[in-house]
Amino acid sequence: MTVDILYILAHPDDESFGHAGTMLLADQMGISTGYICATRGEAGKIRDAALATQPQLAARRDLELRRAMKLAKLDELRVLGYRDSGMDGTPENEDPRCLIQADEEEVTAHLVMAIRDLQPKAVIGFGPDGVYGHPDHIRIGKLTDRAIIEAAADTDPGLGEPWQVPAFYHVAAPRERILASRDNPESPYHNAPLEVLNKMGSPEAEITHWTDTSSVATEKYNVLMQHATQITPDSPVAQPNHPLHQQFMSTETLIRRELPWTGDEQDPISRIRDAYPATHQR
Ligand SMILES: [Zn+2]
């Protein structure tokens, strides 16, 4: 099978927060979607202790991801199964099974094989900021950049026929919104040091694609809430009248990246954005 849009991210839930609205709109427009998830997120938090113990978390998050992606009408889900490396500076960083310890050639080969097999018309990966600097986000983002180039080259025939991805995007969390949320006591960034926040996300001026996902906000919310170990109903994002909720549900943002070959301006992500442009687009 092939997919029109392919997400390559690190953890179960990376796809839902910033992209579930676009997945739902894609489905409505007859555009197919796939997700390559590098880990099962087993080093994540457990916000509801009734749902899993730490040893159960990988299986639980795998289940949450499958439920979420069913609701998001995702067409193809592949989990690579590396271990979650945890936040920077935690003991999980040293686990030989984790993504940041994995052999770069091996991870890249998995991605090249998936890209050549699924022949996506647009790929979305993490940029060098990793949104908030999670080591797995930065690692999978860097190797996705590399895999896009290698998938197109006439090398490694064992990994499939070369495929030139026509459009490539980086995940873009608007930095100005992250900075603005510093004053909000319910924000995860409340009172975080400015020098840290100034490296998070992407400046709004760099964002090329603003998509209005408010028409599928209810469905997106339902997708998000499948990640029940990661987001509980008392989280600000889960409160329908909270400004953070409205921001998350109504707008999704990406940065289009240049490729060494001529791309396609009518790629599926651009078509969705053109059909549902966000009003505060820059
Ligand atoms: Zn993540």
# chains A, B, ... in the order shown; residues from 1 in each chain; ligands from 1
>>> select_by_dssp(residues="region 163-260 of chain A", states="strand (DSSP E or B)", output="PDB file with N, CA, C and O atoms, in the first residue's frame")
ATOM      1  N   PHE A 168       8.235  18.075   2.007  1.00  0.00           N
ATOM      2  CA  PHE A 168       8.770  17.692   3.316  1.00  0.00           C
ATOM      3  C   PHE A 168       8.516  18.842   4.303  1.00  0.00           C
ATOM      4  O   PHE A 168       8.764  20.005   3.982  1.00  0.00           O
ATOM      5  N   TYR A 169       8.049  18.465   5.486  1.00  0.00           N
ATOM      6  CA  TYR A 169       7.689  19.462   6.510  1.00  0.00           C
ATOM      7  C   TYR A 169       8.328  19.121   7.846  1.00  0.00           C
ATOM      8  O   TYR A 169       8.504  17.948   8.187  1.00  0.00           O
ATOM      9  N   HIS A 170       8.601  20.178   8.614  1.00  0.00           N
ATOM     10  CA  HIS A 170       8.952  20.001  10.024  1.00  0.00           C
ATOM     11  C   HIS A 170       7.779  20.426  10.903  1.00  0.00           C
ATOM     12  O   HIS A 170       7.076  21.400  10.587  1.00  0.00           O
ATOM     13  N   VAL A 171       7.615  19.698  11.997  1.00  0.00           N
ATOM     14  CA  VAL A 171       6.634  20.055  13.024  1.00  0.00           C
ATOM     15  C   VAL A 171       6.965  21.461  13.524  1.00  0.00           C
ATOM     16  O   VAL A 171       8.138  21.778  13.751  1.00  0.00           O
ATOM     17  N   PRO A 174       4.219  27.073  17.461  1.00  0.00           N
ATOM     18  CA  PRO A 174       4.494  28.516  17.445  1.00  0.00           C
ATOM     19  C   PRO A 174       5.172  28.981  18.750  1.00  0.00           C
ATOM     20  O   PRO A 174       4.591  28.874  19.822  1.00  0.00           O
ATOM     21  N   SER A 202       9.064  26.993  17.071  1.00  0.00           N
ATOM     22  CA  SER A 202       9.597  27.734  15.927  1.00  0.00           C
ATOM     23  C   SER A 202       8.998  29.131  15.921  1.00  0.00           C
ATOM     24  O   SER A 202       7.814  29.285  16.202  1.00  0.00           O
ATOM     25  N   HIS A 209       2.656  26.882   6.989  1.00  0.00           N
ATOM     26  CA  HIS A 209       1.336  26.280   6.813  1.00  0.00           C
ATOM     27  C   HIS A 209       0.535  26.359   8.114  1.00  0.00           C
ATOM     28  O   HIS A 209       0.915  25.739   9.117  1.00  0.00           O
ATOM     29  N   TRP A 210      -0.555  27.141   8.081  1.00  0.00           N
ATOM     30  CA  TRP A 210      -1.478  27.261   9.220  1.00  0.00           C
ATOM     31  C   TRP A 210      -2.805  26.669   8.758  1.00  0.00           C
ATOM     32  O   TRP A 210      -3.429  27.182   7.833  1.00  0.00           O
ATOM     33  N   THR A 211      -3.233  25.606   9.399  1.00  0.00           N
ATOM     34  CA  THR A 211      -4.478  24.948   8.987  1.00  0.00           C
ATOM     35  C   THR A 211      -5.521  25.089  10.088  1.00  0.00           C
ATOM     36  O   THR A 211      -5.222  24.883  11.268  1.00  0.00           O
ATOM     37  N   ASP A 212      -6.729  25.454   9.678  1.00  0.00           N
ATOM     38  CA  ASP A 212      -7.846  25.611  10.617  1.00  0.00           C
ATOM     39  C   ASP A 212      -8.518  24.249  10.800  1.00  0.00           C
ATOM     40  O   ASP A 212      -9.146  23.733   9.876  1.00  0.00           O
ATOM     41  N   THR A 251      -6.022  25.041  15.500  1.00  0.00           N
ATOM     42  CA  THR A 251      -4.976  25.385  14.528  1.00  0.00           C
ATOM     43  C   THR A 251      -3.851  24.346  14.552  1.00  0.00           C
ATOM     44  O   THR A 251      -3.419  23.942  15.630  1.00  0.00           O
ATOM     45  N   GLU A 252      -3.387  23.953  13.386  1.00  0.00           N
ATOM     46  CA  GLU A 252      -2.193  23.103  13.292  1.00  0.00           C
ATOM     47  C   GLU A 252      -1.207  23.766  12.332  1.00  0.00           C
ATOM     48  O   GLU A 252      -1.615  24.351  11.330  1.00  0.00           O
ATOM     49  N   THR A 253       0.069  23.668  12.669  1.00  0.00           N
ATOM     50  CA  THR A 253       1.078  24.461  11.968  1.00  0.00           C
ATOM     51  C   THR A 253       2.271  23.601  11.546  1.00  0.00           C
ATOM     52  O   THR A 253       2.679  22.686  12.265  1.00  0.00           O
ATOM     53  N   LEU A 254       2.831  23.927  10.390  1.00  0.00           N
ATOM     54  CA  LEU A 254       3.993  23.208   9.861  1.00  0.00           C
ATOM     55  C   LEU A 254       4.922  24.174   9.142  1.00  0.00           C
ATOM     56  O   LEU A 254       4.500  25.255   8.711  1.00  0.00           O
ATOM     57  N   ILE A 255       6.180  23.762   8.994  1.00  0.00           N
ATOM     58  CA  ILE A 255       7.149  24.520   8.200  1.00  0.00           C
ATOM     59  C   ILE A 255       7.555  23.666   6.995  1.00  0.00           C
ATOM     60  O   ILE A 255       8.083  22.566   7.155  1.00  0.00           O
ATOM     61  N   ARG A 256       7.321  24.198   5.807  1.00  0.00           N
ATOM     62  CA  ARG A 256       7.758  23.503   4.593  1.00  0.00           C
ATOM     63  C   ARG A 256       9.264  23.642   4.459  1.00  0.00           C
ATOM     64  O   ARG A 256       9.805  24.745   4.618  1.00  0.00           O
ATOM     65  N   ARG A 257       9.948  22.553   4.173  1.00  0.00           N
ATOM     66  CA  ARG A 257      11.405  22.567   4.008  1.00  0.00           C
ATOM     67  C   ARG A 257      11.787  22.396   2.543  1.00  0.00           C
ATOM     68  O   ARG A 257      11.126  21.653   1.804  1.00  0.00           O
TER      69      ARG A 257
END
>>> residues_near_ligand(ligand="ligand 1", cutoff="7 Å", atoms="only C-alpha atoms and all ligand atoms", output="PyMOL selection string")
chain A and resi 10-11+13-14+134+137
>>> write_last_selection(atoms="all heavy atoms", output="CSV table (one decimal), in the first residue's frame")
chain,number,residue,atom,x,y,z
A,10,ALA,N,8.2,10.3,17.3
A,10,ALA,CA,8.9,9.5,18.3
A,10,ALA,C,8.0,8.7,19.2
A,10,ALA,O,8.3,7.5,19.5
A,10,ALA,CB,9.8,10.4,19.1
A,11,HIS,N,6.9,9.3,19.7
A,11,HIS,CA,6.1,8.6,20.8
A,11,HIS,C,4.7,8.5,20.4
A,11,HIS,O,4.2,9.4,19.7
A,11,HIS,CB,6.3,9.4,22.1
A,11,HIS,CG,7.7,9.8,22.5
A,11,HIS,ND1,8.2,11.0,22.5
A,11,HIS,CD2,8.7,8.9,22.8
A,11,HIS,CE1,9.4,11.0,22.9
A,11,HIS,NE2,9.8,9.7,23.1
A,13,ASP,N,1.3,9.7,20.9
A,13,ASP,CA,0.7,11.0,21.3
A,13,ASP,C,1.4,12.2,20.6
A,13,ASP,O,0.8,13.2,20.4
A,13,ASP,CB,0.6,11.3,22.8
A,13,ASP,CG,1.9,11.8,23.5
A,13,ASP,OD1,2.9,11.9,22.8
A,13,ASP,OD2,1.8,12.0,24.7
A,14,ASP,N,2.6,12.0,20.1
A,14,ASP,CA,3.3,13.1,19.3
A,14,ASP,C,2.4,13.4,18.1
A,14,ASP,O,2.3,14.6,17.7
A,14,ASP,CB,4.6,12.6,18.8
A,14,ASP,CG,5.7,12.5,19.9
A,14,ASP,OD1,5.5,13.1,20.9
A,14,ASP,OD2,6.7,11.9,19.6
A,134,HIS,N,12.9,17.2,23.6
A,134,HIS,CA,13.0,15.8,24.0
A,134,HIS,C,14.1,15.1,23.1
A,134,HIS,O,14.0,15.2,21.9
A,134,HIS,CB,11.7,15.1,23.8
A,134,HIS,CG,11.6,13.8,24.5
A,134,HIS,ND1,12.4,12.7,24.1
A,134,HIS,CD2,10.9,13.3,25.5
A,134,HIS,CE1,12.1,11.7,24.8
A,134,HIS,NE2,11.2,12.0,25.7
A,137,HIS,N,12.8,13.2,20.1
A,137,HIS,CA,12.2,14.1,19.0
A,137,HIS,C,13.4,14.6,18.2
A,137,HIS,O,13.3,14.5,16.9
A,137,HIS,CB,11.5,15.3,19.6
A,137,HIS,CG,10.3,15.0,20.4
A,137,HIS,ND1,9.4,16.0,20.9
A,137,HIS,CD2,9.7,13.8,20.8
A,137,HIS,CE1,8.4,15.4,21.5
A,137,HIS,NE2,8.6,14.1,21.5
>>> select_by_dssp(residues="region 205-254 of chain A", states="helix (DSSP H, G or I)", output="number ranges by chain")
A: 205-206, 214-224, 236-238, 243-250
>>> write_last_selection(atoms="N, CA, C and O atoms", output="mmCIF file, in the first residue's frame")
data_model
loop_
_atom_site.group_PDB
_atom_site.id
_atom_site.type_symbol
_atom_site.label_atom_id
_atom_site.label_comp_id
_atom_site.auth_asym_id
_atom_site.auth_seq_id
_atom_site.Cartn_x
_atom_site.Cartn_y
_atom_site.Cartn_z
ATOM 1 N N ALA A 205 7.108 33.539 12.368
ATOM 2 C CA ALA A 205 7.445 34.053 11.030
ATOM 3 C C ALA A 205 7.983 32.949 10.121
ATOM 4 O O ALA A 205 7.938 33.073 8.894
ATOM 5 N N GLU A 206 8.501 31.857 10.704
ATOM 6 C CA GLU A 206 9.039 30.761 9.882
ATOM 7 C C GLU A 206 7.965 29.757 9.471
ATOM 8 O O GLU A 206 8.211 28.884 8.635
ATOM 9 N N SER A 214 -10.758 23.652 13.257
ATOM 10 C CA SER A 214 -11.886 23.790 14.187
ATOM 11 C C SER A 214 -13.115 22.984 13.752
ATOM 12 O O SER A 214 -13.914 22.579 14.595
ATOM 13 N N SER A 215 -13.240 22.701 12.450
ATOM 14 C CA SER A 215 -14.417 21.924 12.009
ATOM 15 C C SER A 215 -14.366 20.476 12.501
ATOM 16 O O SER A 215 -15.381 19.791 12.519
ATOM 17 N N VAL A 216 -13.180 20.004 12.897
ATOM 18 C CA VAL A 216 -13.056 18.635 13.419
ATOM 19 C C VAL A 216 -12.560 18.646 14.870
ATOM 20 O O VAL A 216 -12.002 17.664 15.354
ATOM 21 N N ALA A 217 -12.788 19.774 15.570
ATOM 22 C CA ALA A 217 -12.247 19.926 16.931
ATOM 23 C C ALA A 217 -12.779 18.850 17.890
ATOM 24 O O ALA A 217 -12.025 18.319 18.711
ATOM 25 N N THR A 218 -14.062 18.519 17.775
ATOM 26 C CA THR A 218 -14.636 17.506 18.677
ATOM 27 C C THR A 218 -13.989 16.144 18.443
ATOM 28 O O THR A 218 -13.606 15.452 19.388
ATOM 29 N N GLU A 219 -13.853 15.794 17.176
ATOM 30 C CA GLU A 219 -13.235 14.504 16.836
ATOM 31 C C GLU A 219 -11.766 14.491 17.250
ATOM 32 O O GLU A 219 -11.257 13.483 17.728
ATOM 33 N N LYS A 220 -11.092 15.635 17.072
ATOM 34 C CA LYS A 220 -9.677 15.712 17.474
ATOM 35 C C LYS A 220 -9.552 15.524 18.989
ATOM 36 O O LYS A 220 -8.660 14.819 19.465
ATOM 37 N N TYR A 221 -10.449 16.161 19.718
ATOM 38 C CA TYR A 221 -10.454 16.007 21.176
ATOM 39 C C TYR A 221 -10.602 14.526 21.561
ATOM 40 O O TYR A 221 -9.893 14.026 22.430
ATOM 41 N N ASN A 222 -11.494 13.823 20.889
ATOM 42 C CA ASN A 222 -11.693 12.401 21.185
ATOM 43 C C ASN A 222 -10.443 11.576 20.871
ATOM 44 O O ASN A 222 -10.126 10.634 21.599
ATOM 45 N N VAL A 223 -9.743 11.948 19.809
ATOM 46 C CA VAL A 223 -8.474 11.269 19.485
ATOM 47 C C VAL A 223 -7.476 11.473 20.627
ATOM 48 O O VAL A 223 -6.886 10.531 21.150
ATOM 49 N N LEU A 224 -7.335 12.740 21.002
ATOM 50 C CA LEU A 224 -6.375 13.108 22.054
ATOM 51 C C LEU A 224 -6.634 12.363 23.363
ATOM 52 O O LEU A 224 -5.715 11.874 24.024
ATOM 53 N N PRO A 236 -5.574 21.329 31.317
ATOM 54 C CA PRO A 236 -6.131 22.515 30.643
ATOM 55 C C PRO A 236 -6.521 22.229 29.198
ATOM 56 O O PRO A 236 -7.545 22.728 28.713
ATOM 57 N N VAL A 237 -5.715 21.402 28.520
ATOM 58 C CA VAL A 237 -5.996 21.103 27.113
ATOM 59 C C VAL A 237 -7.327 20.363 26.967
ATOM 60 O O VAL A 237 -7.986 20.429 25.933
ATOM 61 N N ALA A 238 -7.735 19.658 28.040
ATOM 62 C CA ALA A 238 -8.985 18.895 27.995
ATOM 63 C C ALA A 238 -10.209 19.713 28.419
ATOM 64 O O ALA A 238 -11.327 19.223 28.373
ATOM 65 N N PRO A 243 -8.372 28.572 27.079
ATOM 66 C CA PRO A 243 -7.706 29.076 25.873
ATOM 67 C C PRO A 243 -6.696 28.087 25.272
ATOM 68 O O PRO A 243 -6.573 27.985 24.038
ATOM 69 N N LEU A 244 -5.999 27.340 26.128
ATOM 70 C CA LEU A 244 -5.031 26.362 25.601
ATOM 71 C C LEU A 244 -5.741 25.280 24.782
ATOM 72 O O LEU A 244 -5.250 24.834 23.747
ATOM 73 N N HIS A 245 -6.931 24.874 25.285
ATOM 74 C CA HIS A 245 -7.739 23.880 24.565
ATOM 75 C C HIS A 245 -8.096 24.417 23.177
ATOM 76 O O HIS A 245 -7.932 23.744 22.166
ATOM 77 N N GLN A 246 -8.575 25.663 23.147
ATOM 78 C CA GLN A 246 -9.030 26.220 21.875
ATOM 79 C C GLN A 246 -7.878 26.369 20.882
ATOM 80 O O GLN A 246 -8.030 26.073 19.700
ATOM 81 N N GLN A 247 -6.708 26.794 21.391
ATOM 82 C CA GLN A 247 -5.533 26.887 20.511
ATOM 83 C C GLN A 247 -5.173 25.525 19.929
ATOM 84 O O GLN A 247 -4.945 25.388 18.733
ATOM 85 N N PHE A 248 -5.120 24.516 20.807
ATOM 86 C CA PHE A 248 -4.707 23.179 20.370
ATOM 87 C C PHE A 248 -5.679 22.583 19.367
ATOM 88 O O PHE A 248 -5.277 21.918 18.418
ATOM 89 N N MET A 249 -6.978 22.789 19.605
ATOM 90 C CA MET A 249 -7.974 22.126 18.769
ATOM 91 C C MET A 249 -8.176 22.835 17.436
ATOM 92 O O MET A 249 -8.576 22.210 16.466
ATOM 93 N N SER A 250 -7.915 24.150 17.367
ATOM 94 C CA SER A 250 -8.374 24.903 16.193
ATOM 95 C C SER A 250 -7.293 25.180 15.152
ATOM 96 O O SER A 250 -7.622 25.541 14.025
#
>>> atom_distance(atom1="CA of Glu186 (chain A)", atom2="CA of Leu24 (chain A)")
27.9 Å
>>> closest_residue(among="A:Ile100, A:Ile8, A:Val3, A:Met69", to="Ala20 (chain A)", atoms="only C-alpha atoms")
A:Met69
>>> closest_residue(among="A:Gly21, A:Pro277, A:Gly263, A:Gly44", to="Pro166 (chain A)", atoms="only C-alpha atoms")
A:Gly263
>>> closest_residue(among="A:Ala151, A:Met200, A:Ile272, A:Leu25", to="Gly130 (chain A)", atoms="only C-alpha atoms")
A:Met200
>>> residues_around(residues="Asp145 (chain A)", least_positions_apart="2", cutoff="12 Å", atoms="only C-alpha atoms", output="MDAnalysis selection string")
chainID A and resid 8:9 108 111:112 115 123:128 138:143 147:152 165 168:170 257:260
>>> write_last_selection(atoms="N, CA and C atoms", output="CSV table (one decimal), in the first residue's frame")
chain,number,residue,atom,x,y,z
A,8,ILE,N,6.5,10.9,10.7
A,8,ILE,CA,7.5,10.1,11.3
A,8,ILE,C,7.9,10.8,12.6
A,9,LEU,N,7.4,10.3,13.7
A,9,LEU,CA,7.6,10.9,15.0
A,9,LEU,C,8.1,9.9,16.0
A,108,THR,N,18.0,4.7,10.4
A,108,THR,CA,17.8,5.3,9.0
A,108,THR,C,17.3,4.3,8.0
A,111,LEU,N,13.7,3.8,8.2
A,111,LEU,CA,12.9,4.9,7.7
A,111,LEU,C,13.0,4.9,6.2
A,112,VAL,N,14.2,4.7,5.6
A,112,VAL,CA,14.3,4.6,4.1
A,112,VAL,C,13.4,3.6,3.6
A,115,ILE,N,9.7,4.8,3.7
A,115,ILE,CA,9.5,5.8,2.8
A,115,ILE,C,9.4,5.2,1.4
A,123,VAL,N,5.9,14.2,3.7
A,123,VAL,CA,6.4,13.6,4.9
A,123,VAL,C,6.5,14.7,6.0
A,124,ILE,N,6.2,14.4,7.2
A,124,ILE,CA,6.3,15.3,8.4
A,124,ILE,C,7.2,14.7,9.4
A,125,GLY,N,8.2,15.5,9.8
A,125,GLY,CA,9.2,15.0,10.9
A,125,GLY,C,9.4,16.2,11.8
A,126,PHE,N,10.1,15.8,12.9
A,126,PHE,CA,10.5,16.9,13.9
A,126,PHE,C,11.6,17.7,13.3
A,127,GLY,N,11.6,19.0,13.6
A,127,GLY,CA,12.7,19.9,13.3
A,127,GLY,C,13.8,19.8,14.5
A,128,PRO,N,14.9,20.5,14.3
A,128,PRO,CA,16.0,20.4,15.3
A,128,PRO,C,15.6,20.9,16.7
A,138,ILE,N,14.5,15.0,18.8
A,138,ILE,CA,15.6,15.5,18.1
A,138,ILE,C,16.3,14.4,17.2
A,139,ARG,N,16.4,13.2,17.8
A,139,ARG,CA,17.1,12.1,17.1
A,139,ARG,C,16.2,11.7,15.9
A,140,ILE,N,14.9,11.4,16.1
A,140,ILE,CA,14.1,10.9,15.0
A,140,ILE,C,14.0,12.0,13.9
A,141,GLY,N,14.0,13.2,14.3
A,141,GLY,CA,13.9,14.3,13.4
A,141,GLY,C,15.1,14.4,12.5
A,142,LYS,N,16.3,14.3,13.1
A,142,LYS,CA,17.6,14.3,12.4
A,142,LYS,C,17.7,13.1,11.4
A,143,LEU,N,17.2,12.0,11.9
A,143,LEU,CA,17.3,10.8,11.0
A,143,LEU,C,16.3,10.8,9.9
A,147,ALA,N,16.9,10.3,6.1
A,147,ALA,CA,16.2,9.2,5.3
A,147,ALA,C,15.5,9.8,4.1
A,148,ILE,N,15.0,11.0,4.1
A,148,ILE,CA,14.4,11.6,3.0
A,148,ILE,C,15.4,11.7,1.8
A,149,ILE,N,16.6,12.1,2.1
A,149,ILE,CA,17.7,12.2,1.1
A,149,ILE,C,18.1,10.8,0.6
A,150,GLU,N,18.3,9.9,1.5
A,150,GLU,CA,18.8,8.5,1.2
A,150,GLU,C,17.7,7.7,0.4
A,151,ALA,N,16.4,7.9,0.8
A,151,ALA,CA,15.3,7.2,0.1
A,151,ALA,C,15.3,7.6,-1.4
A,152,ALA,N,15.7,8.8,-1.7
A,152,ALA,CA,15.7,9.2,-3.1
A,152,ALA,C,16.9,8.8,-3.9
A,165,VAL,N,10.5,12.1,-2.2
A,165,VAL,CA,9.4,12.7,-1.5
A,165,VAL,C,9.1,14.1,-2.1
A,168,PHE,N,8.2,18.1,2.0
A,168,PHE,CA,8.8,17.7,3.3
A,168,PHE,C,8.5,18.8,4.3
A,169,TYR,N,8.0,18.5,5.5
A,169,TYR,CA,7.7,19.5,6.5
A,169,TYR,C,8.3,19.1,7.8
A,170,HIS,N,8.6,20.2,8.6
A,170,HIS,CA,9.0,20.0,10.0
A,170,HIS,C,7.8,20.4,10.9
A,257,ARG,N,9.9,22.6,4.2
A,257,ARG,CA,11.4,22.6,4.0
A,257,ARG,C,11.8,22.4,2.5
A,258,GLU,N,12.9,23.1,2.2
A,258,GLU,CA,13.4,22.9,0.8
A,258,GLU,C,14.0,21.5,0.6
A,259,LEU,N,13.9,21.0,-0.6
A,259,LEU,CA,14.5,19.7,-0.9
A,259,LEU,C,15.5,19.9,-2.0
A,260,PRO,N,16.5,19.0,-2.2
A,260,PRO,CA,17.5,19.2,-3.3
A,260,PRO,C,16.8,19.0,-4.7
>>> residues_around(residues="Cys98 (chain A)", least_positions_apart="4", cutoff="7 Å", atoms="only C-alpha atoms", output="PyMOL selection string")
chain A and resi 82-85+102
>>> residues_around(residues="Met29 (chain A)", least_positions_apart="5", cutoff="12 Å", atoms="only C-alpha atoms", output="list in words")
Asp4, Thr22, Met23, Leu24, Lys73, Pro268, Ile269, Arg271, Ile272, Arg273, Asp274, Ala275 and Tyr276 of chain A
>>> decode(residues="region 270-278 of chain A", atoms="all heavy atoms", output="mmCIF file, in the first residue's frame")
data_model
loop_
_atom_site.group_PDB
_atom_site.id
_atom_site.type_symbol
_atom_site.label_atom_id
_atom_site.label_comp_id
_atom_site.auth_asym_id
_atom_site.auth_seq_id
_atom_site.Cartn_x
_atom_site.Cartn_y
_atom_site.Cartn_z
ATOM 1 N N SER A 270 -0.535 20.940 1.488
ATOM 2 C CA SER A 270 -0.900 22.253 0.954
ATOM 3 C C SER A 270 -2.363 22.280 0.531
ATOM 4 O O SER A 270 -3.058 23.292 0.713
ATOM 5 C CB SER A 270 -0.006 22.623 -0.232
ATOM 6 O OG SER A 270 1.336 22.731 0.188
ATOM 7 N N ARG A 271 -2.854 21.165 -0.003
ATOM 8 C CA ARG A 271 -4.266 21.112 -0.412
ATOM 9 C C ARG A 271 -5.186 21.221 0.795
ATOM 10 O O ARG A 271 -6.220 21.900 0.744
ATOM 11 C CB ARG A 271 -4.537 19.821 -1.193
ATOM 12 C CG ARG A 271 -4.070 19.938 -2.650
ATOM 13 C CD ARG A 271 -3.945 18.589 -3.338
ATOM 14 N NE ARG A 271 -5.113 17.758 -3.150
ATOM 15 C CZ ARG A 271 -5.083 16.428 -3.051
ATOM 16 N NH1 ARG A 271 -3.927 15.775 -3.126
ATOM 17 N NH2 ARG A 271 -6.186 15.744 -2.877
ATOM 18 N N ILE A 272 -4.809 20.571 1.889
ATOM 19 C CA ILE A 272 -5.636 20.661 3.102
ATOM 20 C C ILE A 272 -5.592 22.099 3.644
ATOM 21 O O ILE A 272 -6.624 22.684 3.985
ATOM 22 C CB ILE A 272 -5.153 19.644 4.165
ATOM 23 C CG1 ILE A 272 -5.357 18.207 3.670
ATOM 24 C CG2 ILE A 272 -5.890 19.866 5.496
ATOM 25 C CD1 ILE A 272 -4.668 17.147 4.515
ATOM 26 N N ARG A 273 -4.387 22.673 3.694
ATOM 27 C CA ARG A 273 -4.243 24.055 4.186
ATOM 28 C C ARG A 273 -5.054 25.023 3.307
ATOM 29 O O ARG A 273 -5.729 25.924 3.809
ATOM 30 C CB ARG A 273 -2.751 24.439 4.198
ATOM 31 C CG ARG A 273 -2.425 25.797 4.803
ATOM 32 C CD ARG A 273 -2.488 26.949 3.817
ATOM 33 N NE ARG A 273 -1.849 26.685 2.539
ATOM 34 C CZ ARG A 273 -0.618 27.050 2.222
ATOM 35 N NH1 ARG A 273 0.135 27.658 3.107
ATOM 36 N NH2 ARG A 273 -0.137 26.795 1.012
ATOM 37 N N ASP A 274 -5.011 24.822 1.986
ATOM 38 C CA ASP A 274 -5.747 25.723 1.097
ATOM 39 C C ASP A 274 -7.257 25.581 1.278
ATOM 40 O O ASP A 274 -7.996 26.556 1.127
ATOM 41 C CB ASP A 274 -5.360 25.456 -0.362
ATOM 42 C CG ASP A 274 -3.914 25.871 -0.645
ATOM 43 O OD1 ASP A 274 -3.322 26.565 0.200
ATOM 44 O OD2 ASP A 274 -3.378 25.473 -1.698
ATOM 45 N N ALA A 275 -7.703 24.368 1.621
ATOM 46 C CA ALA A 275 -9.144 24.155 1.836
ATOM 47 C C ALA A 275 -9.593 24.677 3.204
ATOM 48 O O ALA A 275 -10.741 25.080 3.370
ATOM 49 C CB ALA A 275 -9.476 22.669 1.706
ATOM 50 N N TYR A 276 -8.667 24.670 4.186
ATOM 51 C CA TYR A 276 -8.994 25.100 5.553
ATOM 52 C C TYR A 276 -7.920 26.050 6.083
ATOM 53 O O TYR A 276 -7.221 25.731 7.052
ATOM 54 C CB TYR A 276 -9.110 23.878 6.479
ATOM 55 C CG TYR A 276 -10.198 22.905 6.072
ATOM 56 C CD1 TYR A 276 -9.915 21.832 5.233
ATOM 57 C CD2 TYR A 276 -11.509 23.075 6.516
ATOM 58 C CE1 TYR A 276 -10.907 20.938 4.841
ATOM 59 C CE2 TYR A 276 -12.506 22.190 6.139
ATOM 60 C CZ TYR A 276 -12.202 21.128 5.297
ATOM 61 O OH TYR A 276 -13.184 20.254 4.911
ATOM 62 N N PRO A 277 -7.769 27.233 5.448
ATOM 63 C CA PRO A 277 -6.719 28.142 5.931
ATOM 64 C C PRO A 277 -7.077 28.720 7.297
ATOM 65 O O PRO A 277 -8.231 29.069 7.534
ATOM 66 C CB PRO A 277 -6.707 29.252 4.870
ATOM 67 C CG PRO A 277 -8.077 29.209 4.255
ATOM 68 C CD PRO A 277 -8.567 27.796 4.362
ATOM 69 N N ALA A 278 -6.106 28.786 8.190
ATOM 70 C CA ALA A 278 -6.368 29.389 9.507
ATOM 71 C C ALA A 278 -6.446 30.895 9.337
ATOM 72 O O ALA A 278 -5.696 31.488 8.560
ATOM 73 C CB ALA A 278 -5.261 28.991 10.483
#
